[in-house]
file protein.cif (mmCIF, C-alpha atoms (C1' of nucleotides))
data_entry
#
loop_
_atom_site.group_PDB
_atom_site.id
_atom_site.type_symbol
_atom_site.label_atom_id
_atom_site.label_comp_id
_atom_site.auth_asym_id
_atom_site.auth_seq_id
_atom_site.Cartn_x
_atom_site.Cartn_y
_atom_site.Cartn_z
ATOM 1 C CA MET A 2 -95.095 -6.422 15.719
ATOM 2 C CA PRO A 3 -92.808 -8.161 13.253
ATOM 3 C CA THR A 4 -89.056 -8.001 13.744
ATOM 4 C CA LEU A 5 -88.457 -8.287 9.999
ATOM 5 C CA THR A 6 -89.876 -6.356 7.074
ATOM 6 C CA ALA A 7 -91.719 -8.249 4.359
ATOM 7 C CA ALA A 8 -88.724 -7.800 2.059
ATOM 8 C CA GLN A 9 -86.373 -9.223 4.675
ATOM 9 C CA ARG A 10 -88.600 -12.233 5.205
ATOM 10 C CA ARG A 11 -88.683 -12.892 1.478
ATOM 11 C CA GLU A 12 -84.900 -12.674 1.258
ATOM 12 C CA GLN A 13 -84.594 -15.104 4.157
ATOM 13 C CA ALA A 14 -87.023 -17.461 2.452
ATOM 14 C CA ARG A 15 -84.944 -17.426 -0.716
ATOM 15 C CA VAL A 16 -81.862 -18.453 1.251
ATOM 16 C CA GLU A 17 -83.621 -21.218 3.195
ATOM 17 C CA TYR A 18 -85.189 -22.857 0.163
ATOM 18 C CA ASP A 19 -83.230 -24.447 -2.667
ATOM 19 C CA ALA A 20 -85.076 -25.523 -5.776
ATOM 20 C CA PHE A 21 -82.239 -27.898 -6.671
ATOM 21 C CA ILE A 22 -83.324 -30.171 -3.842
ATOM 22 C CA LYS A 23 -85.969 -32.770 -4.609
ATOM 23 C CA GLY A 24 -88.918 -32.547 -2.273
ATOM 24 C CA CYS A 25 -88.217 -28.900 -1.518
ATOM 25 C CA PRO A 26 -91.498 -27.015 -1.967
ATOM 26 C CA THR A 27 -89.776 -24.605 -4.339
ATOM 27 C CA ASN A 28 -88.830 -27.548 -6.529
ATOM 28 C CA GLN A 29 -92.521 -28.352 -6.899
ATOM 29 C CA LEU A 30 -93.349 -24.696 -7.495
ATOM 30 C CA LEU A 31 -90.684 -24.477 -10.201
ATOM 31 C CA ASP A 32 -92.254 -27.547 -11.773
ATOM 32 C CA ARG A 33 -95.611 -25.782 -11.770
ATOM 33 C CA LEU A 34 -94.157 -22.632 -13.334
ATOM 34 C CA SER A 35 -92.189 -24.641 -15.886
ATOM 35 C CA ASP A 36 -95.223 -25.316 -17.997
ATOM 36 C CA LYS A 37 -95.985 -24.120 -21.507
ATOM 37 C CA TRP A 38 -99.595 -23.283 -20.703
ATOM 38 C CA VAL A 39 -98.656 -21.412 -17.528
ATOM 39 C CA SER A 40 -96.226 -19.262 -19.503
ATOM 40 C CA LEU A 41 -98.773 -18.511 -22.194
ATOM 41 C CA VAL A 42 -101.676 -17.808 -19.818
ATOM 42 C CA VAL A 43 -99.629 -15.482 -17.622
ATOM 43 C CA ALA A 44 -98.146 -13.740 -20.665
ATOM 44 C CA ALA A 45 -101.621 -13.278 -22.161
ATOM 45 C CA LEU A 46 -102.994 -11.794 -18.944
ATOM 46 C CA SER A 47 -100.041 -9.422 -18.532
ATOM 47 C CA ASN A 48 -101.796 -6.954 -20.857
ATOM 48 C CA GLY A 49 -104.928 -6.913 -18.694
ATOM 49 C CA PRO A 50 -107.812 -9.169 -17.662
ATOM 50 C CA MET A 51 -109.291 -11.583 -20.177
ATOM 51 C CA ARG A 52 -112.327 -13.812 -20.356
ATOM 52 C CA TYR A 53 -112.186 -17.580 -20.692
ATOM 53 C CA SER A 54 -113.190 -17.539 -24.350
ATOM 54 C CA ASP A 55 -110.723 -14.733 -25.109
ATOM 55 C CA LEU A 56 -107.924 -16.797 -23.627
ATOM 56 C CA SER A 57 -108.867 -19.903 -25.563
ATOM 57 C CA ARG A 58 -108.816 -17.890 -28.785
ATOM 58 C CA LYS A 59 -105.585 -16.047 -27.969
ATOM 59 C CA ILE A 60 -103.741 -19.190 -26.925
ATOM 60 C CA ALA A 61 -104.268 -21.177 -30.093
ATOM 61 C CA GLY A 62 -104.189 -24.904 -29.542
ATOM 62 C CA VAL A 63 -105.087 -25.052 -25.858
ATOM 63 C CA SER A 64 -107.860 -27.510 -25.079
ATOM 64 C CA PRO A 65 -110.641 -26.464 -22.682
ATOM 65 C CA LYS A 66 -109.435 -29.161 -20.303
ATOM 66 C CA MET A 67 -105.881 -27.832 -20.078
ATOM 67 C CA LEU A 68 -107.013 -24.194 -19.987
ATOM 68 C CA THR A 69 -109.362 -24.799 -17.058
ATOM 69 C CA GLN A 70 -106.782 -26.956 -15.286
ATOM 70 C CA THR A 71 -104.088 -24.293 -15.677
ATOM 71 C CA LEU A 72 -106.374 -21.451 -14.612
ATOM 72 C CA ARG A 73 -107.578 -23.314 -11.487
ATOM 73 C CA ALA A 74 -104.014 -24.141 -10.443
ATOM 74 C CA LEU A 75 -102.878 -20.544 -10.900
ATOM 75 C CA GLU A 76 -105.927 -19.271 -9.019
ATOM 76 C CA ARG A 77 -105.134 -21.607 -6.134
ATOM 77 C CA ASP A 78 -101.530 -20.391 -6.086
ATOM 78 C CA GLY A 79 -102.656 -16.752 -5.836
ATOM 79 C CA ILE A 80 -101.268 -15.817 -9.244
ATOM 80 C CA LEU A 81 -104.589 -14.848 -10.763
ATOM 81 C CA THR A 82 -108.180 -14.163 -9.718
ATOM 82 C CA ARG A 83 -111.354 -15.634 -11.155
ATOM 83 C CA THR A 84 -114.392 -13.365 -11.217
ATOM 84 C CA VAL A 85 -117.811 -14.652 -12.231
ATOM 85 C CA THR A 86 -120.360 -12.129 -13.494
ATOM 86 C CA PRO A 87 -123.821 -13.737 -13.402
ATOM 87 C CA SER A 88 -124.993 -12.155 -16.636
ATOM 88 C CA VAL A 89 -126.641 -14.116 -19.405
ATOM 89 C CA PRO A 90 -124.721 -15.972 -20.557
ATOM 90 C CA VAL A 91 -122.433 -16.091 -17.546
ATOM 91 C CA ARG A 92 -119.139 -14.239 -17.908
ATOM 92 C CA VAL A 93 -115.871 -15.193 -16.205
ATOM 93 C CA ASP A 94 -112.919 -12.816 -16.049
ATOM 94 C CA TYR A 95 -109.363 -13.779 -15.182
ATOM 95 C CA ALA A 96 -106.846 -11.188 -13.981
ATOM 96 C CA LEU A 97 -103.324 -11.304 -12.571
ATOM 97 C CA THR A 98 -102.829 -10.544 -8.884
ATOM 98 C CA PRO A 99 -99.839 -8.372 -7.837
ATOM 99 C CA LEU A 100 -98.026 -11.658 -7.190
ATOM 100 C CA GLY A 101 -98.897 -12.813 -10.694
ATOM 101 C CA SER A 102 -97.744 -9.526 -12.181
ATOM 102 C CA SER A 103 -94.348 -9.930 -10.545
ATOM 103 C CA LEU A 104 -94.062 -13.301 -12.261
ATOM 104 C CA ALA A 105 -95.423 -12.126 -15.607
ATOM 105 C CA GLY A 106 -92.346 -10.038 -16.383
ATOM 106 C CA LEU A 107 -90.132 -13.100 -16.038
ATOM 107 C CA LEU A 108 -92.291 -15.473 -18.067
ATOM 108 C CA THR A 109 -92.901 -12.987 -20.886
ATOM 109 C CA ALA A 110 -89.115 -12.507 -21.005
ATOM 110 C CA VAL A 111 -88.683 -16.251 -21.567
ATOM 111 C CA LYS A 112 -91.396 -16.199 -24.236
ATOM 112 C CA ALA A 113 -89.730 -13.188 -25.910
ATOM 113 C CA TRP A 114 -86.362 -14.988 -25.739
ATOM 114 C CA ALA A 115 -87.852 -17.929 -27.631
ATOM 115 C CA GLU A 116 -89.287 -15.610 -30.277
ATOM 116 C CA THR A 117 -86.015 -13.693 -30.590
ATOM 117 C CA HIS A 118 -83.550 -16.582 -30.680
ATOM 118 C CA ILE A 119 -85.501 -19.230 -32.555
ATOM 119 C CA GLU A 120 -83.405 -18.795 -35.695
ATOM 120 C CA GLU A 121 -80.169 -19.331 -33.793
ATOM 121 C CA VAL A 122 -81.651 -22.476 -32.289
ATOM 122 C CA HIS A 123 -82.660 -23.693 -35.757
ATOM 123 C CA GLU A 124 -79.131 -23.096 -37.058
ATOM 124 C CA ALA A 125 -77.702 -24.984 -34.075
ATOM 125 C CA ARG A 126 -80.042 -27.909 -34.768
ATOM 126 C CA GLU A 127 -79.010 -28.049 -38.412
ATOM 127 C CA ARG A 128 -75.344 -28.059 -37.424
ATOM 128 C CA TYR A 129 -76.000 -30.798 -34.853
ATOM 129 C CA ASP A 130 -78.106 -32.967 -37.143
ATOM 130 C CA GLY A 131 -75.692 -32.481 -40.034
ATOM 131 C CA THR A 132 -72.681 -33.571 -38.017
ATOM 132 C CA PRO A 133 -71.882 -37.177 -38.927
ATOM 133 C CA GLY A 134 -71.760 -39.349 -35.864
ATOM 134 C CA MET B 20 -73.075 -7.702 -47.258
ATOM 135 C CA PRO B 21 -76.139 -7.799 -45.026
ATOM 136 C CA THR B 22 -78.614 -4.947 -45.128
ATOM 137 C CA LEU B 23 -79.564 -5.523 -41.493
ATOM 138 C CA THR B 24 -77.466 -5.857 -38.371
ATOM 139 C CA ALA B 25 -77.737 -9.001 -36.281
ATOM 140 C CA ALA B 26 -79.729 -7.087 -33.671
ATOM 141 C CA GLN B 27 -82.159 -5.835 -36.315
ATOM 142 C CA ARG B 28 -82.647 -9.321 -37.685
ATOM 143 C CA ARG B 29 -83.383 -10.637 -34.205
ATOM 144 C CA GLU B 30 -85.932 -7.892 -33.613
ATOM 145 C CA GLN B 31 -87.608 -8.711 -36.908
ATOM 146 C CA ALA B 32 -87.698 -12.375 -35.949
ATOM 147 C CA ARG B 33 -89.426 -11.551 -32.678
ATOM 148 C CA VAL B 34 -92.149 -9.663 -34.532
ATOM 149 C CA GLU B 35 -92.670 -12.358 -37.178
ATOM 150 C CA TYR B 36 -92.994 -15.213 -34.705
ATOM 151 C CA ASP B 37 -95.736 -15.493 -32.107
ATOM 152 C CA ALA B 38 -95.483 -18.172 -29.464
ATOM 153 C CA PHE B 39 -99.239 -17.950 -28.862
ATOM 154 C CA ILE B 40 -99.841 -19.654 -32.185
ATOM 155 C CA LYS B 41 -99.895 -23.430 -32.210
ATOM 156 C CA GLY B 42 -97.467 -24.910 -34.676
ATOM 157 C CA CYS B 43 -95.296 -21.809 -34.614
ATOM 158 C CA PRO B 44 -91.699 -22.945 -34.069
ATOM 159 C CA THR B 45 -91.413 -20.614 -31.089
ATOM 160 C CA ASN B 46 -94.354 -22.373 -29.492
ATOM 161 C CA GLN B 47 -92.381 -25.602 -29.625
ATOM 162 C CA LEU B 48 -89.254 -23.848 -28.355
ATOM 163 C CA LEU B 49 -91.202 -22.395 -25.434
ATOM 164 C CA ASP B 50 -92.419 -25.908 -24.688
ATOM 165 C CA ARG B 51 -88.820 -27.091 -24.616
ATOM 166 C CA LEU B 52 -87.735 -24.261 -22.310
ATOM 167 C CA SER B 53 -90.758 -24.748 -20.054
ATOM 168 C CA ASP B 54 -89.291 -27.798 -18.403
ATOM 169 C CA LYS B 55 -88.233 -28.260 -14.811
ATOM 170 C CA TRP B 56 -85.023 -30.095 -15.730
ATOM 171 C CA VAL B 57 -84.094 -27.501 -18.359
ATOM 172 C CA SER B 58 -84.447 -24.730 -15.776
ATOM 173 C CA LEU B 59 -82.372 -26.587 -13.222
ATOM 174 C CA VAL B 60 -79.628 -27.672 -15.650
ATOM 175 C CA VAL B 61 -79.230 -24.188 -17.124
ATOM 176 C CA ALA B 62 -79.300 -22.601 -13.653
ATOM 177 C CA ALA B 63 -76.665 -25.062 -12.419
ATOM 178 C CA LEU B 64 -74.379 -24.353 -15.371
ATOM 179 C CA SER B 65 -74.737 -20.581 -15.030
ATOM 180 C CA ASN B 66 -71.959 -20.635 -12.408
ATOM 181 C CA GLY B 67 -69.552 -22.360 -14.777
ATOM 182 C CA PRO B 68 -69.042 -25.715 -16.531
ATOM 183 C CA MET B 69 -69.909 -28.910 -14.712
ATOM 184 C CA ARG B 70 -69.372 -32.609 -15.260
ATOM 185 C CA TYR B 71 -72.165 -35.124 -15.691
ATOM 186 C CA SER B 72 -71.754 -36.562 -12.214
ATOM 187 C CA ASP B 73 -71.549 -33.077 -10.674
ATOM 188 C CA LEU B 74 -74.849 -32.178 -12.279
ATOM 189 C CA SER B 75 -76.553 -35.360 -11.131
ATOM 190 C CA ARG B 76 -75.436 -34.628 -7.562
ATOM 191 C CA LYS B 77 -76.330 -30.922 -7.691
ATOM 192 C CA ILE B 78 -79.771 -31.533 -9.195
ATOM 193 C CA ALA B 79 -81.066 -33.893 -6.564
ATOM 194 C CA GLY B 80 -83.704 -36.258 -7.865
ATOM 195 C CA VAL B 81 -82.839 -36.222 -11.556
ATOM 196 C CA SER B 82 -82.506 -39.690 -13.061
ATOM 197 C CA PRO B 83 -79.614 -40.434 -15.439
ATOM 198 C CA LYS B 84 -82.180 -40.936 -18.190
ATOM 199 C CA MET B 85 -83.748 -37.479 -17.820
ATOM 200 C CA LEU B 86 -80.382 -35.787 -17.275
ATOM 201 C CA THR B 87 -78.920 -37.257 -20.469
ATOM 202 C CA GLN B 88 -82.112 -36.527 -22.406
ATOM 203 C CA THR B 89 -82.165 -32.910 -21.233
ATOM 204 C CA LEU B 90 -78.460 -32.371 -21.893
ATOM 205 C CA ARG B 91 -78.671 -33.836 -25.409
ATOM 206 C CA ALA B 92 -81.667 -31.660 -26.303
ATOM 207 C CA LEU B 93 -79.961 -28.519 -25.012
ATOM 208 C CA GLU B 94 -76.766 -29.421 -26.849
ATOM 209 C CA ARG B 95 -78.714 -29.838 -30.082
ATOM 210 C CA ASP B 96 -80.375 -26.466 -29.557
ATOM 211 C CA GLY B 97 -77.001 -24.756 -29.151
ATOM 212 C CA ILE B 98 -77.617 -23.834 -25.516
ATOM 213 C CA LEU B 99 -74.728 -25.846 -24.121
ATOM 214 C CA THR B 100 -71.639 -27.684 -25.314
ATOM 215 C CA ARG B 101 -70.572 -31.230 -24.497
ATOM 216 C CA THR B 102 -66.846 -31.857 -24.250
ATOM 217 C CA VAL B 103 -65.449 -35.352 -23.848
ATOM 218 C CA THR B 104 -61.985 -35.705 -22.333
ATOM 219 C CA PRO B 105 -60.677 -39.225 -23.087
ATOM 220 C CA SER B 106 -59.022 -39.654 -19.723
ATOM 221 C CA VAL B 107 -59.469 -42.734 -17.575
ATOM 222 C CA PRO B 108 -62.228 -42.875 -16.647
ATOM 223 C CA VAL B 109 -63.676 -40.712 -19.385
ATOM 224 C CA ARG B 110 -64.698 -37.200 -18.355
ATOM 225 C CA VAL B 111 -67.522 -35.177 -19.911
ATOM 226 C CA ASP B 112 -67.896 -31.454 -19.306
ATOM 227 C CA TYR B 113 -70.993 -29.410 -20.023
ATOM 228 C CA ALA B 114 -70.829 -25.630 -20.435
ATOM 229 C CA LEU B 115 -73.250 -22.941 -21.515
ATOM 230 C CA THR B 116 -72.751 -21.309 -24.899
ATOM 231 C CA PRO B 117 -73.201 -17.512 -25.212
ATOM 232 C CA LEU B 118 -76.754 -18.313 -26.365
ATOM 233 C CA GLY B 119 -77.264 -20.435 -23.263
ATOM 234 C CA SER B 120 -75.871 -17.712 -21.024
ATOM 235 C CA SER B 121 -78.392 -15.242 -22.417
ATOM 236 C CA LEU B 122 -81.134 -17.663 -21.405
ATOM 237 C CA ALA B 123 -79.628 -18.531 -18.017
ATOM 238 C CA GLY B 124 -80.364 -15.099 -16.575
ATOM 239 C CA LEU B 125 -84.054 -15.517 -17.346
ATOM 240 C CA LEU B 126 -84.409 -19.064 -16.034
ATOM 241 C CA THR B 127 -82.453 -18.396 -12.830
ATOM 242 C CA ALA B 128 -84.768 -15.422 -12.294
ATOM 243 C CA VAL B 129 -87.783 -17.742 -12.479
ATOM 244 C CA LYS B 130 -86.076 -20.188 -10.103
ATOM 245 C CA ALA B 131 -85.253 -17.330 -7.706
ATOM 246 C CA TRP B 132 -88.867 -16.119 -7.947
ATOM 247 C CA ALA B 133 -90.073 -19.556 -6.854
ATOM 248 C CA GLU B 134 -87.654 -19.550 -3.920
ATOM 249 C CA THR B 135 -88.615 -15.998 -2.932
ATOM 250 C CA HIS B 136 -92.398 -16.208 -3.222
ATOM 251 C CA ILE B 137 -93.076 -19.773 -2.113
ATOM 252 C CA GLU B 138 -94.516 -18.643 1.211
ATOM 253 C CA GLU B 139 -96.992 -16.302 -0.460
ATOM 254 C CA VAL B 140 -98.049 -19.164 -2.707
ATOM 255 C CA HIS B 141 -98.511 -21.417 0.312
ATOM 256 C CA GLU B 142 -100.659 -18.789 2.015
ATOM 257 C CA ALA B 143 -102.746 -18.423 -1.146
ATOM 258 C CA ARG B 144 -103.243 -22.198 -1.277
ATOM 259 C CA GLU B 145 -104.386 -22.316 2.332
ATOM 260 C CA ARG B 146 -106.880 -19.524 1.684
ATOM 261 C CA TYR B 147 -108.143 -21.287 -1.453
ATOM 262 C CA ASP B 148 -108.390 -24.723 0.150
ATOM 263 C CA GLY B 149 -109.992 -23.276 3.289
ATOM 264 C CA THR B 150 -112.700 -21.485 1.349
ATOM 265 C CA PRO B 151 -115.875 -23.582 1.528
ATOM 266 C CA GLY B 152 -117.194 -24.336 -1.918
ATOM 267 C "C1'" DA C 22 -142.184 -23.517 -30.792
ATOM 268 C "C1'" DA C 23 -138.207 -26.068 -32.507
ATOM 269 C "C1'" DG C 24 -133.597 -25.809 -33.221
ATOM 270 C "C1'" DA C 25 -129.186 -23.586 -33.432
ATOM 271 C "C1'" DG C 26 -125.807 -20.937 -30.815
ATOM 272 C "C1'" DC C 27 -123.507 -18.747 -27.075
ATOM 273 C "C1'" DT C 28 -121.026 -19.214 -22.591
ATOM 274 C "C1'" DA C 29 -117.865 -21.879 -19.584
ATOM 275 C "C1'" DC C 30 -116.822 -25.660 -18.645
ATOM 276 C "C1'" DT C 31 -116.691 -31.451 -17.577
ATOM 277 C "C1'" DA C 32 -115.814 -36.185 -18.952
ATOM 278 C "C1'" DT C 33 -113.791 -39.856 -21.507
ATOM 279 C "C1'" DC C 34 -110.457 -42.203 -24.072
ATOM 280 C "C1'" DC C 35 -105.858 -43.151 -25.687
ATOM 281 C "C1'" DA C 36 -101.022 -41.991 -27.121
ATOM 282 C "C1'" DT C 37 -97.041 -40.004 -25.279
ATOM 283 C "C1'" DT C 38 -94.218 -38.779 -21.574
ATOM 284 C "C1'" DG C 39 -91.738 -39.244 -17.368
ATOM 285 C "C1'" DG C 40 -89.999 -41.790 -13.376
ATOM 286 C "C1'" DT C 41 -87.917 -46.092 -11.371
ATOM 287 C "C1'" DA C 42 -84.732 -49.386 -11.504
ATOM 288 C "C1'" DA C 43 -81.556 -52.239 -13.439
ATOM 289 C "C1'" DG C 44 -77.945 -53.140 -16.903
ATOM 290 C "C1'" DT C 45 -73.499 -51.823 -19.751
ATOM 291 C "C1'" DA C 46 -68.529 -50.934 -20.826
ATOM 292 C "C1'" DG C 47 -64.017 -49.909 -19.869
ATOM 293 C "C1'" DT C 48 -60.540 -49.199 -16.551
ATOM 294 C "C1'" DT C 49 -58.401 -49.053 -11.934
ATOM 295 C "C1'" DA C 50 -57.740 -49.756 -6.973
ATOM 296 C "C1'" DC C 51 -57.639 -53.058 -3.284
ATOM 297 C "C1'" DG D 3 -61.116 -61.278 -8.330
ATOM 298 C "C1'" DT D 4 -64.264 -58.170 -7.264
ATOM 299 C "C1'" DA D 5 -65.828 -53.819 -6.057
ATOM 300 C "C1'" DA D 6 -65.933 -49.018 -7.675
ATOM 301 C "C1'" DC D 7 -65.792 -45.237 -10.709
ATOM 302 C "C1'" DT D 8 -67.156 -42.957 -14.989
ATOM 303 C "C1'" DA D 9 -71.137 -41.805 -18.191
ATOM 304 C "C1'" DC D 10 -74.523 -43.450 -19.744
ATOM 305 C "C1'" DT D 11 -78.613 -47.045 -22.028
ATOM 306 C "C1'" DT D 12 -82.618 -49.940 -21.801
ATOM 307 C "C1'" DA D 13 -86.981 -51.822 -20.241
ATOM 308 C "C1'" DC D 14 -91.056 -51.330 -17.878
ATOM 309 C "C1'" DC D 15 -95.127 -49.104 -16.021
ATOM 310 C "C1'" DA D 16 -97.883 -45.365 -14.042
ATOM 311 C "C1'" DA D 17 -99.231 -40.765 -14.826
ATOM 312 C "C1'" DT D 18 -99.786 -36.915 -17.715
ATOM 313 C "C1'" DG D 19 -101.510 -34.476 -21.783
ATOM 314 C "C1'" DG D 20 -104.192 -33.895 -25.918
ATOM 315 C "C1'" DA D 21 -108.286 -34.791 -28.897
ATOM 316 C "C1'" DT D 22 -112.978 -35.149 -28.890
ATOM 317 C "C1'" DA D 23 -117.505 -35.140 -27.275
ATOM 318 C "C1'" DG D 24 -120.942 -33.918 -23.903
ATOM 319 C "C1'" DT D 25 -123.444 -30.600 -20.474
ATOM 320 C "C1'" DA D 26 -126.403 -26.737 -18.668
ATOM 321 C "C1'" DG D 27 -128.781 -22.588 -18.971
ATOM 322 C "C1'" DC D 28 -130.275 -19.150 -21.523
ATOM 323 C "C1'" DT D 29 -131.307 -16.390 -26.151
ATOM 324 C "C1'" DC D 30 -131.938 -15.612 -30.799
ATOM 325 C "C1'" DT D 31 -133.750 -17.092 -35.221
ATOM 326 C "C1'" DT D 32 -137.118 -18.743 -38.277
#

call {"tool": "encode", "arguments": {"input": "protein.cif", "output": "structure tokens"}}
result
Amino acid sequence: MPTLTAAQRREQARVEYDAFIKGCPTNQLLDRLSDKWVSLVVAALSNGPMRYSDLSRKIAGVSPKMLTQTLRALERDGILTRTVTPSVPVRVDYALTPLGSSLAGLLTAVKAWAETHIEEVHEARERYDGTPG
Amino acid sequence: MPTLTAAQRREQARVEYDAFIKGCPTNQLLDRLSDKWVSLVVAALSNGPMRYSDLSRKIAGVSPKMLTQTLRALERDGILTRTVTPSVPVRVDYALTPLGSSLAGLLTAVKAWAETHIEEVHEARERYDGTPG
DNA sequence: AAGAGCTACTATCCATTGGTAAGTAGTTAC
DNA sequence: GTAACTACTTACCAATGGATAGTAGCTCTT
């Protein structure tokens, strides 16, 4: 019988770990999450499960190597599930786990921020590049 | 006299751009934001301005090269400001702009997610690695 | 029945990136 | 005079990431 609820244990974990510290496991996890392909894969799956070929079409520019690598890493981390249907040809579906869904909201927010504020960033770059010195 | 408010223009921008598409400027911006050092620098500055040496102490493990590189890129993108005080020795302060502050909430949320859910990720990894085949 | 095409990858090569470590400049404290 | 503080810059090398090509098993076309 646990003395703490799951929520309490998570809160305690957040206090004990500090992603600012090198070597802290959360530092490595943040590194994993801070990846363009991770953001795009998780954002793509937030609307529902997708097949490998669907993902490679949706995420324009991802190579099969990086897509597989990203999917395997996220599967290992419990963020998504990989389901093989032995039809002909074989069919592989990827879907977010509840853990993955809790992350998806955050990563899609970052993606949406980029899409919303890109013009402001462009203006800032022009100001910066135009400044002599 | 603009026919659209700033908020309307931002919303339109979000619809016109799609970070899933390679070559789209937002795809490159997402790549920039999806960086461990960017997350940590922006999270560190979300509590107020910091000096270069403060940041390098707070963000354990960052090399001067990567810290300067990250700070310069974020300054160019209008996410933070760099203020030199010609004291002796010289003092350089970094602070988030309003644009940077709007991003900070999102990136600190991702950092907090990593700190909160690290144990679940570890358990998932053990399950995955323990599974034969 | 020969060849193209579909699926989901795997493998190889090379340019770019990122990390490590050392160097720089200007001043001050000991 | 030399060690220390500030905020960097530079050089080097290993690792990562991206482009491209190959694989396996089956089906559909001609």

call {"tool": "closest_residue", "arguments": {"input": "protein.cif", "among": "B:Thr45, B:Ser75, B:Asn66, B:Thr100", "to": "His123 in chain A", "atoms": "only C-alpha atoms"}}
result
B:Thr45

call {"tool": "residues_around", "arguments": {"input": "protein.cif", "residues": "DT4 in chain D", "least_positions_apart": "3", "cutoff": "12 Å", "atoms": "all atoms listed in the file", "output": "VMD selection string"}}
result
chain C and resid 49 to 51

call {"tool": "atom_distance", "arguments": {"input": "protein.cif", "atom1": "CA of Arg110 in chain B", "atom2": "CA of Arg70 in chain B"}}
result
7.2 Å

call {"tool": "atom_distance", "arguments": {"input": "protein.cif", "atom1": "CA of Leu115 in chain B", "atom2": "CA of Leu99 in chain B"}}
result
4.2 Å

call {"tool": "residues_around", "arguments": {"input": "protein.cif", "residues": "DA46 in chain C", "least_positions_apart": "6", "cutoff": "12 Å", "atoms": "all atoms listed in the file", "output": "mmCIF file with C-alpha atoms (C1' of nucleotides), keeping the file's coordinate frame"}}
result
data_model
loop_
_atom_site.group_PDB
_atom_site.id
_atom_site.type_symbol
_atom_site.label_atom_id
_atom_site.label_comp_id
_atom_site.auth_asym_id
_atom_site.auth_seq_id
_atom_site.Cartn_x
_atom_site.Cartn_y
_atom_site.Cartn_z
ATOM 1 C CA PRO B 108 -62.228 -42.875 -16.647
ATOM 2 C CA VAL B 109 -63.676 -40.712 -19.385
ATOM 3 C "C1'" DC D 7 -65.792 -45.237 -10.709
ATOM 4 C "C1'" DT D 8 -67.156 -42.957 -14.989
ATOM 5 C "C1'" DA D 9 -71.137 -41.805 -18.191
ATOM 6 C "C1'" DC D 10 -74.523 -43.450 -19.744
ATOM 7 C "C1'" DT D 11 -78.613 -47.045 -22.028
#

call {"tool": "atom_distance", "arguments": {"input": "protein.cif", "atom1": "CA of Lys41 in chain B", "atom2": "CA of Asp94 in chain A"}}
result
23.3 Å

call {"tool": "closest_atom_pairs", "arguments": {"input": "protein.cif", "of": "chain C", "to": "range 18-25 of chain D", "cutoff": "12 Å", "atoms": "all atoms listed in the file", "output": "Markdown table"}}
result
| residue | atom | partner | partner_atom | distance |
| --- | --- | --- | --- | --- |
| C:DT28 | C1' | D:DT25 | C1' | 11.8 |
| C:DA29 | C1' | D:DT25 | C1' | 10.4 |
| C:DC30 | C1' | D:DT25 | C1' | 8.5 |
| C:DT31 | C1' | D:DT25 | C1' | 7.4 |
| C:DA32 | C1' | D:DG24 | C1' | 7.5 |
| C:DT33 | C1' | D:DA23 | C1' | 8.3 |
| C:DC34 | C1' | D:DT22 | C1' | 8.9 |
| C:DC35 | C1' | D:DA21 | C1' | 9.3 |
| C:DA36 | C1' | D:DG20 | C1' | 8.8 |
| C:DT37 | C1' | D:DG19 | C1' | 7.9 |
| C:DT38 | C1' | D:DT18 | C1' | 7.0 |
| C:DG39 | C1' | D:DT18 | C1' | 8.4 |
| C:DG40 | C1' | D:DT18 | C1' | 11.8 |

call {"tool": "decode", "arguments": {"input": "protein.cif", "residues": "range 17-23 of chain D", "atoms": "N, CA, C and O atoms (P, O5', C5', C4', C3', O3' and C1' of nucleotides)", "output": "CSV table (one decimal), in the first residue's frame"}}
result
chain,number,residue,atom,x,y,z
D,17,DA,P,33.0,9.3,-30.8
D,17,DA,O5',31.6,9.9,-31.1
D,17,DA,C5',31.1,11.0,-30.3
D,17,DA,C4',30.0,11.7,-31.0
D,17,DA,C3',28.9,10.7,-31.5
D,17,DA,O3',27.6,11.2,-31.1
D,17,DA,C1',29.6,12.2,-33.3
D,18,DT,P,26.3,10.3,-31.3
D,18,DT,O5',25.3,11.3,-32.0
D,18,DT,C5',25.5,12.7,-31.8
D,18,DT,C4',25.0,13.5,-33.1
D,18,DT,C3',23.7,12.9,-33.7
D,18,DT,O3',22.7,14.0,-33.7
D,18,DT,C1',25.3,13.3,-35.4
D,19,DG,P,21.2,13.7,-34.2
D,19,DG,O5',21.3,14.1,-35.7
D,19,DG,C5',21.9,15.4,-36.1
D,19,DG,C4',21.7,15.6,-37.6
D,19,DG,C3',20.4,15.1,-38.2
D,19,DG,O3',19.8,16.1,-39.0
D,19,DG,C1',22.2,14.1,-39.3
D,20,DG,P,18.5,15.9,-39.9
D,20,DG,O5',19.2,15.6,-41.3
D,20,DG,C5',19.9,16.7,-41.9
D,20,DG,C4',20.3,16.2,-43.3
D,20,DG,C3',19.2,15.7,-44.2
D,20,DG,O3',19.3,16.2,-45.5
D,20,DG,C1',20.9,14.1,-44.0
D,21,DA,P,18.3,15.9,-46.7
D,21,DA,O5',19.1,15.0,-47.6
D,21,DA,C5',20.4,15.5,-48.2
D,21,DA,C4',21.0,14.5,-49.1
D,21,DA,C3',20.0,13.9,-50.1
D,21,DA,O3',20.7,13.8,-51.4
D,21,DA,C1',20.9,12.2,-48.8
D,22,DT,P,19.9,13.3,-52.7
D,22,DT,O5',20.3,11.8,-52.8
D,22,DT,C5',21.7,11.4,-52.6
D,22,DT,C4',21.8,9.9,-52.6
D,22,DT,C3',20.8,9.2,-53.5
D,22,DT,O3',21.5,8.3,-54.4
D,22,DT,C1',20.8,8.2,-51.3
D,23,DA,P,20.8,7.5,-55.6
D,23,DA,O5',21.1,6.0,-55.2
D,23,DA,C5',22.3,5.7,-54.5
D,23,DA,C4',22.2,4.4,-53.7
D,23,DA,C3',21.4,3.3,-54.5
D,23,DA,O3',22.1,2.1,-54.5
D,23,DA,C1',20.5,3.5,-52.4
